[in-house]
file structure_16.txt (compact mmCIF, C-alpha atoms)
# COMPACT_ATOMS: atom_id res chain seq x y z
CA MET A 2 134.63 138.88 22.97
CA ARG A 3 132.53 141.87 23.85
CA THR A 4 130.25 143.09 21.07
CA ALA A 5 131.71 146.54 20.35
CA ALA A 6 135.29 145.35 20.65
CA ARG A 7 134.53 142.43 18.34
CA LEU A 8 133.05 144.75 15.70
CA LEU A 9 136.09 146.96 15.94
CA SER A 10 138.49 144.08 15.59
CA VAL A 11 136.83 143.03 12.30
CA TYR A 12 138.21 146.13 10.58
CA LEU A 13 141.11 147.32 12.85
CA ALA A 14 144.53 145.72 14.19
CA GLY A 15 156.68 142.11 27.32
CA ALA A 16 154.87 145.35 28.30
CA LEU A 17 155.58 148.54 26.43
CA CYS A 18 155.80 152.15 27.60
CA ALA A 19 153.43 154.76 26.22
CA CYS A 20 156.26 157.16 25.44
CA ALA A 21 157.08 158.26 21.87
CA MET A 22 159.71 156.23 20.06
CA SER A 23 161.83 158.08 17.50
CA PRO A 24 162.32 156.33 14.17
CA ALA A 25 165.69 154.59 14.15
CA ARG A 26 167.74 154.50 10.96
CA VAL A 27 167.79 150.77 10.40
CA PRO A 28 167.56 148.84 7.12
CA PRO A 29 163.95 149.21 5.95
CA VAL A 30 161.55 146.41 5.17
CA ALA A 31 161.09 146.97 1.46
CA PRO A 32 157.41 147.11 0.42
CA GLU A 33 157.86 145.40 -2.92
CA GLY A 34 155.68 146.75 -5.71
CA ALA A 35 154.67 149.87 -3.79
CA THR A 36 153.93 152.93 -5.93
CA SER A 37 152.30 156.30 -5.50
CA VAL A 38 148.95 154.76 -6.50
CA GLY A 39 149.12 151.92 -4.01
CA PRO A 40 151.26 148.98 -2.94
CA PHE A 41 150.14 146.69 -5.78
CA VAL A 42 151.88 144.44 -8.29
CA PRO A 43 152.22 145.95 -11.79
CA GLU A 44 149.33 144.05 -13.36
CA ALA A 45 146.95 145.25 -10.61
CA ARG A 46 147.95 148.91 -10.38
CA ASP A 47 145.67 150.34 -13.06
CA LEU A 48 142.67 148.33 -11.91
CA PHE A 49 143.14 149.16 -8.21
CA GLU A 50 144.25 152.76 -8.71
CA GLY A 51 142.84 154.91 -5.90
CA CYS A 52 142.04 151.90 -3.69
CA VAL A 53 143.31 151.88 -0.11
CA PRO A 54 144.16 148.54 1.57
CA VAL A 55 142.78 148.18 5.10
CA PRO A 56 144.32 145.38 7.23
CA ASP A 57 141.68 142.79 8.06
CA SER A 58 143.08 139.41 9.14
CA GLU A 59 145.75 136.84 8.29
CA ARG A 60 143.31 135.13 5.92
CA SER A 61 141.52 138.18 4.51
CA ARG A 62 142.06 141.59 2.92
CA LEU A 63 139.78 144.59 2.45
CA TYR A 64 140.17 147.47 -0.01
CA ARG A 65 138.46 150.85 0.19
CA CYS A 66 137.99 152.38 -3.27
CA GLU A 67 136.10 155.41 -4.56
CA GLY A 68 132.46 154.65 -3.74
CA LEU A 69 132.92 150.98 -2.95
CA THR A 70 134.54 148.46 -0.65
CA VAL A 71 135.78 145.07 -1.86
CA TRP A 72 137.21 142.16 0.12
CA LEU A 73 138.43 138.60 -0.15
CA ALA A 74 138.99 135.87 2.43
CA GLU A 75 140.38 132.37 2.08
CA ARG A 76 138.64 129.63 4.05
CA ASP A 77 139.73 126.09 4.86
CA GLY A 78 137.26 123.30 5.54
CA MET A 79 134.31 125.22 4.12
CA THR A 80 132.09 124.50 1.12
CA LEU A 81 131.19 127.10 -1.46
CA GLU A 82 127.68 127.24 -0.05
CA GLN A 83 128.94 127.82 3.49
CA ALA A 84 131.35 130.53 2.34
CA LEU A 85 128.59 132.26 0.40
CA ALA A 86 126.23 132.16 3.39
CA GLU A 87 128.94 133.59 5.68
CA ALA A 88 129.58 136.41 3.18
CA GLN A 89 125.87 137.25 3.18
CA VAL A 90 125.91 137.51 6.97
CA ARG A 91 128.85 139.92 6.75
CA VAL A 92 126.87 142.15 4.36
CA THR A 93 123.78 142.08 6.58
CA GLN A 94 125.82 143.00 9.63
CA ARG A 95 127.38 145.91 7.76
CA LEU A 96 124.26 147.30 6.09
CA GLY A 97 121.69 146.47 8.78
CA ALA A 98 118.01 145.78 8.22
CA GLY A 99 116.35 146.17 4.84
CA VAL A 100 118.83 144.18 2.74
CA THR A 101 117.22 142.10 -0.01
CA SER A 102 119.07 139.53 -2.10
CA VAL A 103 118.66 137.12 -4.99
CA GLU A 104 120.77 134.15 -6.02
CA ASP A 105 122.94 134.84 -9.03
CA ALA A 106 126.12 133.67 -10.77
CA LEU A 107 129.22 135.63 -11.69
CA PRO A 108 131.72 134.77 -14.43
CA LEU A 109 134.92 134.75 -12.37
CA ALA A 110 138.29 133.09 -13.02
CA GLY A 111 137.11 131.59 -16.30
CA ARG A 112 133.77 130.10 -15.28
CA PRO A 113 130.48 130.97 -13.54
CA TRP A 114 130.47 130.71 -9.76
CA PRO A 115 127.57 130.91 -7.27
CA ALA A 116 126.88 134.46 -6.15
CA VAL A 117 124.29 136.62 -4.44
CA ARG A 118 123.23 140.03 -5.71
CA PHE A 119 122.06 142.25 -2.84
CA GLU A 120 120.76 145.77 -2.36
CA ALA A 121 119.64 148.00 0.48
CA CYS A 122 116.82 150.11 -0.95
CA ALA A 123 113.64 151.72 0.39
CA ALA A 124 111.03 153.69 -1.57
CA GLY A 125 113.30 153.82 -4.58
CA ASP A 126 116.24 155.22 -2.61
CA CYS A 127 119.21 152.86 -2.41
CA ARG A 128 121.94 153.11 0.21
CA ALA A 129 124.08 150.35 -1.24
CA GLY A 130 124.20 147.28 -3.42
CA GLY A 131 126.67 144.71 -4.60
CA TYR A 132 127.69 141.07 -4.81
CA VAL A 133 129.09 138.26 -2.73
CA SER A 134 130.50 135.12 -4.25
CA ALA A 135 132.79 132.17 -3.56
CA VAL A 136 135.26 130.36 -5.79
CA THR A 137 137.69 127.50 -5.34
CA GLY A 138 141.16 128.94 -4.91
CA GLU A 139 144.62 127.50 -4.46
CA LEU A 140 145.38 124.56 -2.17
CA ASP A 141 141.69 123.59 -2.21
CA ARG A 142 140.80 126.68 -0.20
CA VAL A 143 137.53 128.46 -0.83
CA ARG A 144 138.06 132.09 -1.79
CA GLN A 145 135.23 134.22 -0.39
CA LEU A 146 134.56 137.50 -2.21
CA GLY A 147 132.37 140.55 -1.69
CA CYS A 148 131.84 144.08 -2.90
CA VAL A 149 129.56 146.84 -1.57
CA ALA A 150 128.84 149.79 -3.89
CA ARG A 151 127.48 153.09 -2.60
CA ALA A 152 123.93 153.95 -3.74
CA ASN A 153 123.74 150.74 -5.78
CA ALA A 154 125.15 152.75 -8.70
CA ARG A 155 125.56 150.89 -12.00
CA PRO A 156 129.10 152.15 -12.78
CA LEU A 157 130.24 151.11 -9.31
CA LEU A 158 128.60 147.70 -9.67
CA ALA A 159 130.43 147.22 -12.96
CA ARG A 160 133.71 148.05 -11.25
CA CYS A 161 132.81 145.62 -8.46
CA VAL A 162 132.67 142.80 -11.01
CA GLU A 163 136.07 143.82 -12.45
CA LEU A 164 137.69 143.86 -9.02
CA LEU A 165 136.07 140.57 -7.98
CA GLU A 166 137.34 138.98 -11.19
CA TYR A 167 140.91 139.96 -10.33
CA LEU A 168 140.63 138.76 -6.74
CA ALA A 169 139.05 135.47 -7.80
CA SER A 170 141.75 134.80 -10.39
CA ASN A 171 144.84 136.18 -8.66
CA GLY A 172 144.25 136.69 -4.96
CA THR A 173 145.55 139.88 -3.35
CA PRO A 174 146.61 142.76 -5.63
CA GLU A 175 149.74 143.09 -3.46
CA GLY A 176 150.75 139.62 -4.62
CA GLU A 177 150.98 138.42 -1.02
CA PRO A 178 149.85 134.96 0.11
CA LEU A 179 147.27 134.74 2.86
CA GLY A 180 147.55 132.62 5.98
CA ALA A 181 149.43 132.26 9.24
CA ASP A 182 152.54 130.96 7.45
CA ALA A 183 152.83 134.27 5.58
CA LEU A 184 152.94 136.46 8.71
CA LEU A 185 156.06 138.57 9.19
CA VAL A 186 157.20 137.74 12.75
CA PRO A 187 158.01 139.73 14.74
CA PRO A 188 155.88 142.54 13.28
CA ARG A 189 157.69 145.77 12.47
CA LEU A 190 157.56 149.18 10.98
CA PRO A 191 160.41 149.80 8.54
CA TRP A 192 162.36 151.66 11.22
CA ARG A 193 161.63 149.61 14.36
CA PRO A 194 160.19 146.31 15.60
CA LEU A 195 156.80 146.09 17.30
CA ALA A 196 155.75 143.87 20.19
CA VAL A 197 152.66 141.74 20.75
CA PRO A 198 151.54 142.19 24.40
CA ASP A 199 150.27 139.23 26.38
CA GLY A 200 146.65 138.48 25.58
CA CYS A 201 146.82 140.11 22.13
CA GLN A 202 146.88 138.47 18.71
CA LEU A 203 148.88 139.26 15.59
CA SER A 204 146.31 138.87 12.82
CA VAL A 205 148.06 140.70 9.94
CA SER A 206 151.79 141.26 9.53
CA THR A 207 153.47 142.01 6.21
CA ALA A 208 156.05 144.48 4.92
CA ARG A 209 153.17 146.84 4.11
CA SER A 210 150.57 146.44 6.82
CA GLY A 211 149.70 144.87 10.14
CA ARG A 212 147.02 144.50 12.78
CA LEU A 213 147.22 143.64 16.46
CA ARG A 214 144.03 143.02 18.37
CA CYS A 215 143.20 142.44 22.00
CA GLU A 216 139.89 141.98 23.79
CA ASP A 217 139.22 145.70 24.13
CA ALA A 218 142.04 147.41 22.22
CA SER A 219 143.66 147.19 18.80
CA PHE A 220 146.36 148.69 16.60
CA LEU A 221 146.64 148.65 12.82
CA TRP A 222 149.10 150.18 10.40
CA SER A 223 149.74 150.46 6.66
CA LEU A 224 152.67 151.82 4.66
CA TYR A 225 153.39 152.80 1.10
CA THR A 226 156.32 154.28 -0.79
CA PRO A 227 157.17 156.65 -2.36
CA ALA A 228 155.14 159.08 -0.29
CA ARG A 229 152.97 161.59 -2.15
CA PRO A 230 151.02 164.22 -0.16
CA ALA A 231 147.85 163.99 -2.29
CA VAL A 232 147.87 160.18 -2.13
CA THR A 233 148.50 160.22 1.61
CA ALA A 234 145.56 162.59 2.19
CA ARG A 235 143.22 160.41 0.14
CA TRP A 236 144.52 157.26 1.79
CA ARG A 237 144.01 158.72 5.28
CA SER A 238 140.49 159.91 4.46
CA ARG A 239 139.32 156.60 3.04
CA SER A 240 140.90 154.58 5.81
CA VAL A 241 139.15 156.67 8.46
CA GLU A 242 135.86 156.33 6.55
CA ALA A 243 136.26 152.55 6.46
CA LEU A 244 136.87 152.40 10.22
CA TRP A 245 133.98 154.75 11.03
CA GLU A 246 131.48 152.95 8.79
CA SER A 247 132.43 149.55 10.23
CA LEU A 248 131.25 150.59 13.71
CA PRO A 249 127.50 151.07 14.15
CA GLY A 250 126.70 154.04 16.35
CA ALA A 251 130.10 155.68 15.94
CA GLY A 252 130.03 159.35 16.91
CA ALA A 253 131.16 162.36 14.96
CA VAL A 254 134.80 162.46 13.86
CA GLU A 255 136.83 165.28 15.37
CA GLU A 256 140.32 166.44 14.42
CA VAL A 257 142.83 166.94 17.24
CA SER A 258 146.57 167.61 17.44
CA CYS A 259 148.67 164.51 18.09
CA GLN A 260 151.93 162.83 17.21
CA LEU A 261 152.39 159.63 15.24
CA GLU A 262 155.87 158.09 15.47
CA ASN A 263 157.03 161.30 17.14
CA LEU A 264 155.93 163.42 14.15
CA ASP A 265 153.40 166.23 14.60
CA THR A 266 150.12 165.62 12.75
CA ARG A 267 146.33 165.71 13.17
CA CYS A 268 144.43 162.72 14.51
CA SER A 269 140.89 161.77 13.57
CA ARG A 270 139.17 160.72 16.80
CA PHE A 271 135.70 159.30 17.42
CA THR A 272 133.94 157.19 20.03
CA VAL A 273 131.80 154.09 19.76
CA PRO A 274 129.16 153.38 22.44
CA ALA A 275 129.16 149.99 24.12
CA PRO A 276 127.52 148.51 27.25
CA GLU A 277 130.96 147.71 28.68
CA GLY A 278 132.17 151.27 28.17
CA ALA A 279 132.70 153.43 25.11
CA LEU A 280 135.61 152.79 22.79
CA VAL A 281 137.71 155.64 21.40
CA VAL A 282 139.44 155.34 18.04
CA TRP A 283 142.46 157.41 16.98
CA ALA A 284 143.74 157.49 13.40
CA ALA A 285 146.43 159.50 11.63
CA ALA A 286 148.91 159.49 8.76
CA VAL A 287 152.42 160.90 8.48
CA GLU A 288 155.19 161.00 5.89
CA TRP A 289 158.80 160.27 6.80
CA GLU A 290 161.53 160.45 4.17
CA ASP A 291 160.14 158.44 1.23
CA ARG A 292 157.47 156.55 3.18
CA ALA A 293 153.92 157.22 4.32
CA LEU A 294 152.41 155.58 7.40
CA PHE A 295 148.74 155.31 8.38
CA ALA A 296 147.91 153.94 11.82
CA ALA A 297 144.87 153.56 14.06
CA CYS A 298 144.65 152.80 17.77
CA SER A 299 141.51 151.91 19.72
CA HIS A 300 140.93 151.49 23.44
CA ARG A 301 138.39 151.95 26.21
CA ALA A 302 137.54 155.62 26.66
CA SER A 303 137.87 155.14 30.43
CA GLU A 304 141.55 154.28 30.04
CA ALA A 305 144.27 156.86 29.57
CA PRO A 306 145.68 156.81 26.06
CA PHE A 307 147.36 154.78 24.78
CA PRO A 308 147.36 151.04 25.52
CA ALA A 309 150.49 148.91 25.23
CA VAL A 310 149.20 147.23 22.08
CA CYS A 311 149.64 150.54 20.22
CA ASN A 312 153.39 150.29 20.79
CA GLY A 313 153.89 153.94 21.69
CA ALA A 314 153.08 155.00 18.11
CA PHE A 315 150.59 157.68 19.24
CA THR A 316 151.29 160.46 21.74
CA LEU A 317 149.65 163.75 22.61
CA PRO A 318 151.61 167.01 22.37
call {"tool": "encode", "arguments": {"input": "structure_16.txt", "output": "structure tokens"}}
result
Amino acid sequence: MRTAARLLSVYLAGALCACAMSPARVPPVAPEGATSVGPFVPEARDLFEGCVPVPDSERSRLYRCEGLTVWLAERDGMTLEQALAEAQVRVTQRLGAGVTSVEDALPLAGRPWPAVRFEACAAGDCRAGGYVSAVTGELDRVRQLGCVARANARPLLARCVELLEYLASNGTPEGEPLGADALLVPPRLPWRPLAVPDGCQLSVSTARSGRLRCEDASFLWSLYTPARPAVTARWRSRSVEALWESLPGAGAVEEVSCQLENLDTRCSRFTVPAPEGALVVWAAAVEWEDRALFAACSHRASEAPFPAVCNGAFTLP
């Protein structure tokens, strides 16, 4: 897969027309456990309050919180050492040169597990810091964990450990299993089904979120209920930040008028340079009845918006 498109697909998700599709009043897919503070099970809501889930893959989840990003992935056929090494590579790719690390151990899920403490600092000024670790999860899978805290701040690092402890012990705060068997097929928004065009892959599909990715285009979406304007604004902002920061060289974010699911809104739009041709990313959030929807669509800047993989969700006024 081409480099820029591959980087984008790490954090994003029959032929279809590019026309707008009005929400149909069909029985909704109930996002169980969803609240105004996030779509999490009761025992996780206080801990993950203010965190925004970002669809990652069928075997992994990422959460954008105030000042930090935390993730987990479940791996088959991998040792703890291999999972830890892979997690370190992920951190290096995200933070770039200048990352230093030391071997450590974290008390997770009732016992110490191998971990690496890392930081990105120069001349006493730290951009980030955090931990990666690996534990043995259910069904003999290895559960890979990581957390990146802005500015290597102590309070954020302490929260990292709290969040990693929950993920190590319980898995996703949504209470959803990970893996291909847990995919909701066909994917759908609560009011309409979505299609997977030829050559594209369904990598996340639940009642709350999904991600479709192709070689040079992708579409992701997340939902929560009940909708709250302040929560939706925060959710949109953090989701856009997560997308922008995941793409080295991404240009400035501009706000433009657009429609998402045939509802007028403002889109955040930015481009990402690539040898094969720049990518353009569109992202927006809307509220409809008691639900809020965040979606992002990416495609080659040389192509007219929007590709079939985005299922007609985005249109221009």
call {"tool": "atom_distance", "arguments": {"input": "structure_16.txt", "atom1": "CA of Cys215 in chain A", "atom2": "CA of Leu317 in chain A"}}
result
22.3 Å
call {"tool": "atom_distance", "arguments": {"input": "structure_16.txt", "atom1": "CA of Gly130 in chain A", "atom2": "CA of Leu96 in chain A"}}
result
9.5 Å
call {"tool": "atom_distance", "arguments": {"input": "structure_16.txt", "atom1": "CA of Cys52 in chain A", "atom2": "CA of Leu168 in chain A"}}
result
13.6 Å
call {"tool": "closest_residue", "arguments": {"input": "structure_16.txt", "among": "A:Glu304, A:Glu44, A:Asp265, A:Asp199", "to": "Glu288 in chain A", "atoms": "only C-alpha atoms"}}
result
A:Asp265
call {"tool": "closest_residue", "arguments": {"input": "structure_16.txt", "among": "A:Ser210, A:Thr316, A:Gln260, A:Thr101", "to": "Leu63 in chain A", "atoms": "all atoms listed in the file"}}
result
A:Ser210
call {"tool": "residues_around", "arguments": {"input": "structure_16.txt", "residues": "range 83-94 of chain A", "least_positions_apart": "5", "cutoff": "12 Å", "atoms": "all atoms listed in the file", "output": "JSON, numbers by chain"}}
result
{"A": [8, 11, 12, 70, 71, 72, 73, 74, 75, 76, 77, 78, 99, 100, 101, 102, 103, 104, 105, 106, 114, 115, 116, 117, 118, 119, 120, 121, 129, 130, 131, 132, 133, 134, 135, 136, 137, 142, 143, 144, 145, 146, 147, 148, 149, 150, 246, 247, 248, 249]}
call {"tool": "closest_residue", "arguments": {"input": "structure_16.txt", "among": "A:Phe41, A:Phe315, A:Trp192, A:Trp245", "to": "Val53 in chain A", "atoms": "all atoms listed in the file"}}
result
A:Phe41
call {"tool": "residues_around", "arguments": {"input": "structure_16.txt", "residues": "Val197 in chain A", "least_positions_apart": "4", "cutoff": "12 Å", "atoms": "only C-alpha atoms", "output": "ChimeraX atom specification"}}
result
/A:14-17,186-189,201-206,211-215,219-220,308-312
call {"tool": "closest_residue", "arguments": {"input": "structure_16.txt", "among": "A:Pro306, A:Pro276, A:Gly172, A:Pro198", "to": "Ser61 in chain A", "atoms": "only C-alpha atoms"}}
result
A:Gly172
call {"tool": "closest_residue", "arguments": {"input": "structure_16.txt", "among": "A:Gly125, A:Pro318, A:Gly180, A:Gly200", "to": "Cys259 in chain A", "atoms": "only C-alpha atoms"}}
result
A:Pro318
call {"tool": "closest_residue", "arguments": {"input": "structure_16.txt", "among": "A:Pro178, A:Pro230, A:Pro54, A:Gly68", "to": "Pro156 in chain A", "atoms": "all atoms listed in the file"}}
result
A:Gly68
call {"tool": "decode", "arguments": {"input": "structure_16.txt", "residues": "range 123-149 of chain A", "atoms": "N, CA, C and O atoms", "output": "PDB file, in the first residue's frame"}}
result
ATOM      1  N   ALA A 123      13.976  17.108  24.389  1.00  0.00           N
ATOM      2  CA  ALA A 123      15.206  17.712  23.885  1.00  0.00           C
ATOM      3  C   ALA A 123      15.460  18.990  24.666  1.00  0.00           C
ATOM      4  O   ALA A 123      14.567  19.841  24.785  1.00  0.00           O
ATOM      5  N   ALA A 124      16.662  19.099  25.238  1.00  0.00           N
ATOM      6  CA  ALA A 124      17.061  20.291  25.997  1.00  0.00           C
ATOM      7  C   ALA A 124      16.050  20.625  27.091  1.00  0.00           C
ATOM      8  O   ALA A 124      15.706  21.788  27.327  1.00  0.00           O
ATOM      9  N   GLY A 125      15.556  19.578  27.748  1.00  0.00           N
ATOM     10  CA  GLY A 125      14.631  19.786  28.840  1.00  0.00           C
ATOM     11  C   GLY A 125      13.195  20.052  28.440  1.00  0.00           C
ATOM     12  O   GLY A 125      12.322  20.193  29.305  1.00  0.00           O
ATOM     13  N   ASP A 126      12.935  20.117  27.148  1.00  0.00           N
ATOM     14  CA  ASP A 126      11.570  20.370  26.661  1.00  0.00           C
ATOM     15  C   ASP A 126      11.012  19.069  26.100  1.00  0.00           C
ATOM     16  O   ASP A 126      11.562  18.520  25.146  1.00  0.00           O
ATOM     17  N   CYS A 127       9.924  18.595  26.684  1.00  0.00           N
ATOM     18  CA  CYS A 127       9.356  17.319  26.276  1.00  0.00           C
ATOM     19  C   CYS A 127       8.098  17.516  25.445  1.00  0.00           C
ATOM     20  O   CYS A 127       7.188  18.249  25.848  1.00  0.00           O
ATOM     21  N   ARG A 128       8.055  16.843  24.301  1.00  0.00           N
ATOM     22  CA  ARG A 128       6.850  16.859  23.463  1.00  0.00           C
ATOM     23  C   ARG A 128       5.832  15.852  23.958  1.00  0.00           C
ATOM     24  O   ARG A 128       4.629  16.100  23.912  1.00  0.00           O
ATOM     25  N   ALA A 129       6.325  14.694  24.401  1.00  0.00           N
ATOM     26  CA  ALA A 129       5.411  13.622  24.784  1.00  0.00           C
ATOM     27  C   ALA A 129       6.164  12.584  25.603  1.00  0.00           C
ATOM     28  O   ALA A 129       7.401  12.559  25.648  1.00  0.00           O
ATOM     29  N   GLY A 130       5.400  11.730  26.240  1.00  0.00           N
ATOM     30  CA  GLY A 130       5.959  10.609  26.977  1.00  0.00           C
ATOM     31  C   GLY A 130       4.854   9.601  27.212  1.00  0.00           C
ATOM     32  O   GLY A 130       3.678   9.865  26.928  1.00  0.00           O
ATOM     33  N   GLY A 131       5.229   8.445  27.752  1.00  0.00           N
ATOM     34  CA  GLY A 131       4.185   7.462  28.008  1.00  0.00           C
ATOM     35  C   GLY A 131       4.723   6.058  28.179  1.00  0.00           C
ATOM     36  O   GLY A 131       5.907   5.860  28.493  1.00  0.00           O
ATOM     37  N   TYR A 132       3.831   5.087  27.966  1.00  0.00           N
ATOM     38  CA  TYR A 132       4.150   3.686  28.181  1.00  0.00           C
ATOM     39  C   TYR A 132       3.593   2.825  27.046  1.00  0.00           C
ATOM     40  O   TYR A 132       2.561   3.147  26.449  1.00  0.00           O
ATOM     41  N   VAL A 133       4.266   1.722  26.787  1.00  0.00           N
ATOM     42  CA  VAL A 133       3.685   0.621  26.033  1.00  0.00           C
ATOM     43  C   VAL A 133       3.895  -0.640  26.856  1.00  0.00           C
ATOM     44  O   VAL A 133       4.867  -0.756  27.612  1.00  0.00           O
ATOM     45  N   SER A 134       2.966  -1.556  26.720  1.00  0.00           N
ATOM     46  CA  SER A 134       3.055  -2.794  27.482  1.00  0.00           C
ATOM     47  C   SER A 134       2.329  -3.895  26.722  1.00  0.00           C
ATOM     48  O   SER A 134       1.708  -3.657  25.681  1.00  0.00           O
ATOM     49  N   ALA A 135       2.387  -5.093  27.246  1.00  0.00           N
ATOM     50  CA  ALA A 135       1.683  -6.237  26.658  1.00  0.00           C
ATOM     51  C   ALA A 135       1.329  -7.195  27.778  1.00  0.00           C
ATOM     52  O   ALA A 135       2.133  -7.443  28.688  1.00  0.00           O
ATOM     53  N   VAL A 136       0.090  -7.711  27.732  1.00  0.00           N
ATOM     54  CA  VAL A 136      -0.369  -8.660  28.730  1.00  0.00           C
ATOM     55  C   VAL A 136      -1.035  -9.827  28.004  1.00  0.00           C
ATOM     56  O   VAL A 136      -1.423  -9.712  26.833  1.00  0.00           O
ATOM     57  N   THR A 137      -1.191 -10.919  28.697  1.00  0.00           N
ATOM     58  CA  THR A 137      -1.917 -12.051  28.134  1.00  0.00           C
ATOM     59  C   THR A 137      -3.396 -11.859  28.398  1.00  0.00           C
ATOM     60  O   THR A 137      -3.811 -11.729  29.559  1.00  0.00           O
ATOM     61  N   GLY A 138      -4.181 -11.808  27.320  1.00  0.00           N
ATOM     62  CA  GLY A 138      -5.609 -11.579  27.449  1.00  0.00           C
ATOM     63  C   GLY A 138      -6.403 -12.859  27.333  1.00  0.00           C
ATOM     64  O   GLY A 138      -5.899 -13.962  27.598  1.00  0.00           O
ATOM     65  N   GLU A 139      -7.660 -12.727  26.901  1.00  0.00           N
ATOM     66  CA  GLU A 139      -8.528 -13.881  26.770  1.00  0.00           C
ATOM     67  C   GLU A 139      -8.160 -14.705  25.543  1.00  0.00           C
ATOM     68  O   GLU A 139      -7.569 -14.213  24.594  1.00  0.00           O
ATOM     69  N   LEU A 140      -8.527 -15.978  25.585  1.00  0.00           N
ATOM     70  CA  LEU A 140      -8.319 -16.896  24.460  1.00  0.00           C
ATOM     71  C   LEU A 140      -6.861 -16.960  24.032  1.00  0.00           C
ATOM     72  O   LEU A 140      -6.538 -17.164  22.870  1.00  0.00           O
ATOM     73  N   ASP A 141      -5.958 -16.782  25.008  1.00  0.00           N
ATOM     74  CA  ASP A 141      -4.512 -16.850  24.770  1.00  0.00           C
ATOM     75  C   ASP A 141      -4.012 -15.775  23.807  1.00  0.00           C
ATOM     76  O   ASP A 141      -2.922 -15.888  23.242  1.00  0.00           O
ATOM     77  N   ARG A 142      -4.811 -14.748  23.590  1.00  0.00           N
ATOM     78  CA  ARG A 142      -4.332 -13.624  22.795  1.00  0.00           C
ATOM     79  C   ARG A 142      -3.427 -12.744  23.640  1.00  0.00           C
ATOM     80  O   ARG A 142      -3.551 -12.672  24.857  1.00  0.00           O
ATOM     81  N   VAL A 143      -2.514 -12.048  22.968  1.00  0.00           N
ATOM     82  CA  VAL A 143      -1.702 -11.043  23.633  1.00  0.00           C
ATOM     83  C   VAL A 143      -2.398  -9.698  23.454  1.00  0.00           C
ATOM     84  O   VAL A 143      -2.772  -9.316  22.341  1.00  0.00           O
ATOM     85  N   ARG A 144      -2.594  -9.009  24.540  1.00  0.00           N
ATOM     86  CA  ARG A 144      -3.242  -7.698  24.521  1.00  0.00           C
ATOM     87  C   ARG A 144      -2.148  -6.628  24.565  1.00  0.00           C
ATOM     88  O   ARG A 144      -1.444  -6.472  25.563  1.00  0.00           O
ATOM     89  N   GLN A 145      -2.011  -5.911  23.469  1.00  0.00           N
ATOM     90  CA  GLN A 145      -0.981  -4.880  23.309  1.00  0.00           C
ATOM     91  C   GLN A 145      -1.563  -3.536  23.736  1.00  0.00           C
ATOM     92  O   GLN A 145      -2.683  -3.177  23.352  1.00  0.00           O
ATOM     93  N   LEU A 146      -0.826  -2.780  24.538  1.00  0.00           N
ATOM     94  CA  LEU A 146      -1.331  -1.556  25.138  1.00  0.00           C
ATOM     95  C   LEU A 146      -0.351  -0.409  24.937  1.00  0.00           C
ATOM     96  O   LEU A 146       0.863  -0.624  24.897  1.00  0.00           O
ATOM     97  N   GLY A 147      -0.867   0.807  24.843  1.00  0.00           N
ATOM     98  CA  GLY A 147       0.001   1.967  24.741  1.00  0.00           C
ATOM     99  C   GLY A 147      -0.715   3.239  25.133  1.00  0.00           C
ATOM    100  O   GLY A 147      -1.941   3.337  25.040  1.00  0.00           O
ATOM    101  N   CYS A 148       0.055   4.203  25.594  1.00  0.00           N
ATOM    102  CA  CYS A 148      -0.504   5.504  25.958  1.00  0.00           C
ATOM    103  C   CYS A 148       0.553   6.573  25.715  1.00  0.00           C
ATOM    104  O   CYS A 148       1.709   6.422  26.132  1.00  0.00           O
ATOM    105  N   VAL A 149       0.161   7.642  25.035  1.00  0.00           N
ATOM    106  CA  VAL A 149       1.045   8.781  24.766  1.00  0.00           C
ATOM    107  C   VAL A 149       0.460  10.004  25.450  1.00  0.00           C
ATOM    108  O   VAL A 149      -0.699  10.369  25.196  1.00  0.00           O
TER     109      VAL A 149
END
